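S.K.: Got a structure for you, questions after.
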Amino acid sequence: STRKESSAASDVYKRQGHYRVFMTFKIDENGNIIDAKARGPHKLIEEEAKRVVQLLPRFKPGMIRGKPVVVPYSVPIVFQVENKQGKKN
């Protein structure tokens, strides 16, 4: 199973093009990202999208009547995959 997964992962990077991942997450009362979820064409690309979102700096929390609240976000992330020479097929 692991051999099959690593082969599939390398196949993703062999196929050039754009890969769109839809991310949903929440910003908590302290401005931290919580409950990050990804939906995309391949698990490897979903994991990379989650990793990138976790690298974002702390957000300013949403406020209602002067109190911080949890705010849901949904954003698309597009990855462009190219070969090592930077040429597209």
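Residue numbering restarts at 1 for every chain of the structure tokens, chains are lettered A, B, ... in their displayed order, and ligands are numbered from 1 as they appear.
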Write out as JSON, numbers by chain each polymer residue whose atoms come within 6 Å of stretch 25-40 of chain A, counting only C-alpha atoms; drop sequence neighbours fewer than 5 positions from it.

M.R.: {"A": [46, 58, 59, 60, 61, 68, 69, 70, 71, 72, 73]}

S.K.: I'd like the interatomic distance between atom CA of A:Ile45 and atom CA of A:Gly62, to a tenth of an Å.

M.R.: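 Separation between atom CA of A:Ile45 and atom CA of A:Gly62: 29.0 Å.
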
S.K.: Report as a list in words all protein, DNA and RNA residues lying within 7 Å of A:Gly17, evaluated on only C-alpha atoms, omitting residues in the same chain fewer than 3 positions from it.

M.R.: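 So the residues in contact are Gln80, Val81 and Glu82 of chain A.
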
S.K.: Store the residues picked out above, limited to all heavy atoms, as a PDB file, in the first residue's frame.

M.R.:
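Final output, saved to out.pdb:
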ATOM      1  N   GLN A  80       0.558  25.369  -9.257  1.00  0.00           N
ATOM      2  CA  GLN A  80       1.026  25.143 -10.620  1.00  0.00           C
ATOM      3  C   GLN A  80       2.202  24.177 -10.542  1.00  0.00           C
ATOM      4  O   GLN A  80       3.222  24.485  -9.927  1.00  0.00           O
ATOM      5  CB  GLN A  80       1.456  26.441 -11.282  1.00  0.00           C
ATOM      6  CG  GLN A  80       1.908  26.239 -12.710  1.00  0.00           C
ATOM      7  CD  GLN A  80       2.190  27.540 -13.437  1.00  0.00           C
ATOM      8  OE1 GLN A  80       1.669  28.574 -13.062  1.00  0.00           O
ATOM      9  NE2 GLN A  80       3.008  27.460 -14.455  1.00  0.00           N
ATOM     10  N   VAL A  81       2.053  23.027 -11.152  1.00  0.00           N
ATOM     11  CA  VAL A  81       3.096  22.010 -11.134  1.00  0.00           C
ATOM     12  C   VAL A  81       3.817  22.029 -12.478  1.00  0.00           C
ATOM     13  O   VAL A  81       3.178  21.988 -13.536  1.00  0.00           O
ATOM     14  CB  VAL A  81       2.482  20.605 -10.876  1.00  0.00           C
ATOM     15  CG1 VAL A  81       3.568  19.539 -10.936  1.00  0.00           C
ATOM     16  CG2 VAL A  81       1.779  20.583  -9.528  1.00  0.00           C
ATOM     17  N   GLU A  82       5.154  22.139 -12.427  1.00  0.00           N
ATOM     18  CA  GLU A  82       5.988  22.143 -13.624  1.00  0.00           C
ATOM     19  C   GLU A  82       7.063  21.093 -13.456  1.00  0.00           C
ATOM     20  O   GLU A  82       7.378  20.689 -12.344  1.00  0.00           O
ATOM     21  CB  GLU A  82       6.646  23.513 -13.807  1.00  0.00           C
ATOM     22  CG  GLU A  82       5.657  24.634 -14.044  1.00  0.00           C
ATOM     23  CD  GLU A  82       6.342  25.989 -14.245  1.00  0.00           C
ATOM     24  OE1 GLU A  82       7.574  26.068 -14.056  1.00  0.00           O
ATOM     25  OE2 GLU A  82       5.639  26.931 -14.564  1.00  0.00           O
TER      26      GLU A  82
END

S.K.: Residues within 8 Å of A:Pro41, please, as a list of chain:residue names. Count only C-alpha atoms; anything in the same chain fewer than 6 positions from it doesn't count.

M.R.: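 The residues satisfying every condition are A:Tyr19, A:Arg20, A:Val21.
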
S.K.: Restricting the output to all heavy atoms, write the selected residues as a PDB file, in the first residue's frame.

M.R.:
ATOM      1  N   TYR A  19      -3.595  22.701 -10.257  1.00  0.00           N
ATOM      2  CA  TYR A  19      -4.390  21.878  -9.358  1.00  0.00           C
ATOM      3  C   TYR A  19      -5.066  22.801  -8.344  1.00  0.00           C
ATOM      4  O   TYR A  19      -4.397  23.523  -7.616  1.00  0.00           O
ATOM      5  CB  TYR A  19      -3.511  20.861  -8.631  1.00  0.00           C
ATOM      6  CG  TYR A  19      -2.910  19.832  -9.565  1.00  0.00           C
ATOM      7  CD1 TYR A  19      -1.685  20.065 -10.173  1.00  0.00           C
ATOM      8  CD2 TYR A  19      -3.593  18.662  -9.844  1.00  0.00           C
ATOM      9  CE1 TYR A  19      -1.143  19.122 -11.043  1.00  0.00           C
ATOM     10  CE2 TYR A  19      -3.052  17.712 -10.712  1.00  0.00           C
ATOM     11  CZ  TYR A  19      -1.826  17.957 -11.301  1.00  0.00           C
ATOM     12  OH  TYR A  19      -1.291  17.034 -12.158  1.00  0.00           O
ATOM     13  N   ARG A  20      -6.388  22.752  -8.317  1.00  0.00           N
ATOM     14  CA  ARG A  20      -7.150  23.626  -7.423  1.00  0.00           C
ATOM     15  C   ARG A  20      -7.587  22.842  -6.190  1.00  0.00           C
ATOM     16  O   ARG A  20      -8.138  21.751  -6.304  1.00  0.00           O
ATOM     17  CB  ARG A  20      -8.382  24.172  -8.138  1.00  0.00           C
ATOM     18  CG  ARG A  20      -9.185  25.159  -7.311  1.00  0.00           C
ATOM     19  CD  ARG A  20     -10.381  25.657  -8.057  1.00  0.00           C
ATOM     20  NE  ARG A  20      -9.963  26.220  -9.336  1.00  0.00           N
ATOM     21  CZ  ARG A  20     -10.043  27.510  -9.638  1.00  0.00           C
ATOM     22  NH1 ARG A  20     -10.563  28.351  -8.796  1.00  0.00           N
ATOM     23  NH2 ARG A  20      -9.636  27.941 -10.801  1.00  0.00           N
ATOM     24  N   VAL A  21      -7.332  23.435  -5.022  1.00  0.00           N
ATOM     25  CA  VAL A  21      -7.733  22.853  -3.745  1.00  0.00           C
ATOM     26  C   VAL A  21      -8.639  23.863  -3.059  1.00  0.00           C
ATOM     27  O   VAL A  21      -8.310  25.055  -2.976  1.00  0.00           O
ATOM     28  CB  VAL A  21      -6.505  22.565  -2.849  1.00  0.00           C
ATOM     29  CG1 VAL A  21      -6.929  21.992  -1.512  1.00  0.00           C
ATOM     30  CG2 VAL A  21      -5.535  21.640  -3.557  1.00  0.00           C
TER      31      VAL A  21
END

S.K.: Give me, please, the distance in Å between atom CA of A:Arg15 and atom CA of A:His42, quoted to one decimal.

M.R.: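 Value for the atom CA of A:Arg15-atom CA of A:His42 distance: 11.8 Å.
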
S.K.: Go through A:Ala49, A:Ile64, A:Leu55, A:Val78 one by one, measure the shortest atom-to-atom distance of each to A:Thr24 using only C-alpha atoms, and give the residue with the smallest value.

M.R.: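 Checking each candidate against A:Thr24, we get A:Ala49 as the closest.
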
S.K.: Any idea what the distance is between atom CA of A:Phe79 and atom CA of A:Gln16?

M.R.: 10.1 Å

S.K.: Give me every strand (DSSP E or B) residue in stretch 18-65 of chain A, going by DSSP on the backbone, as a CSV table (one decimal) with N, CA and C atoms, in the first residue's frame.

M.R.:
chain,number,residue,atom,x,y,z
A,18,HIS,N,-2.3,22.9,-13.5
A,18,HIS,CA,-2.9,23.6,-12.4
A,18,HIS,C,-3.8,22.7,-11.6
A,19,TYR,N,-3.6,22.7,-10.3
A,19,TYR,CA,-4.4,21.9,-9.4
A,19,TYR,C,-5.1,22.8,-8.3
A,20,ARG,N,-6.4,22.8,-8.3
A,20,ARG,CA,-7.1,23.6,-7.4
A,20,ARG,C,-7.6,22.8,-6.2
A,21,VAL,N,-7.3,23.4,-5.0
A,21,VAL,CA,-7.7,22.9,-3.7
A,21,VAL,C,-8.6,23.9,-3.1
A,22,PHE,N,-9.8,23.4,-2.6
A,22,PHE,CA,-10.7,24.3,-1.8
A,22,PHE,C,-10.4,24.1,-0.3
A,23,MET,N,-10.0,25.2,0.3
A,23,MET,CA,-9.7,25.1,1.7
A,23,MET,C,-10.9,25.8,2.5
A,24,THR,N,-11.2,25.1,3.6
A,24,THR,CA,-12.1,25.7,4.6
A,24,THR,C,-11.4,25.7,6.0
A,25,PHE,N,-11.5,26.8,6.7
A,25,PHE,CA,-10.9,26.8,8.0
A,25,PHE,C,-11.6,27.9,8.8
A,26,LYS,N,-11.3,28.0,10.1
A,26,LYS,CA,-11.9,29.0,11.0
A,26,LYS,C,-10.8,29.8,11.6
A,27,ILE,N,-11.1,31.1,11.9
A,27,ILE,CA,-10.2,31.9,12.7
A,27,ILE,C,-10.8,32.0,14.0
A,33,ILE,N,-5.7,29.9,13.2
A,33,ILE,CA,-6.4,29.0,12.2
A,33,ILE,C,-6.7,27.7,12.9
A,34,ILE,N,-8.0,27.3,12.8
A,34,ILE,CA,-8.4,26.0,13.4
A,34,ILE,C,-9.3,25.3,12.4
A,35,ASP,N,-9.5,24.0,12.6
A,35,ASP,CA,-10.3,23.2,11.7
A,35,ASP,C,-10.1,23.3,10.2
A,36,ALA,N,-8.8,23.3,9.8
A,36,ALA,CA,-8.5,23.4,8.4
A,36,ALA,C,-8.8,22.1,7.7
A,37,LYS,N,-9.5,22.2,6.6
A,37,LYS,CA,-9.9,21.1,5.8
A,37,LYS,C,-9.7,21.4,4.3
A,38,ALA,N,-9.3,20.4,3.6
A,38,ALA,CA,-9.0,20.6,2.2
A,38,ALA,C,-9.7,19.6,1.3
A,39,ARG,N,-10.1,20.1,0.1
A,39,ARG,CA,-10.8,19.2,-0.9
A,39,ARG,C,-10.1,19.5,-2.2
A,62,GLY,N,-12.4,38.2,14.2
A,62,GLY,CA,-13.6,38.9,13.9
A,62,GLY,C,-14.2,39.4,15.2
A,63,MET,N,-14.9,40.5,15.1
A,63,MET,CA,-15.5,41.1,16.4
A,63,MET,C,-17.0,41.3,16.2
A,64,ILE,N,-17.8,41.0,17.2
A,64,ILE,CA,-19.2,41.3,17.2
A,64,ILE,C,-19.5,42.0,18.6
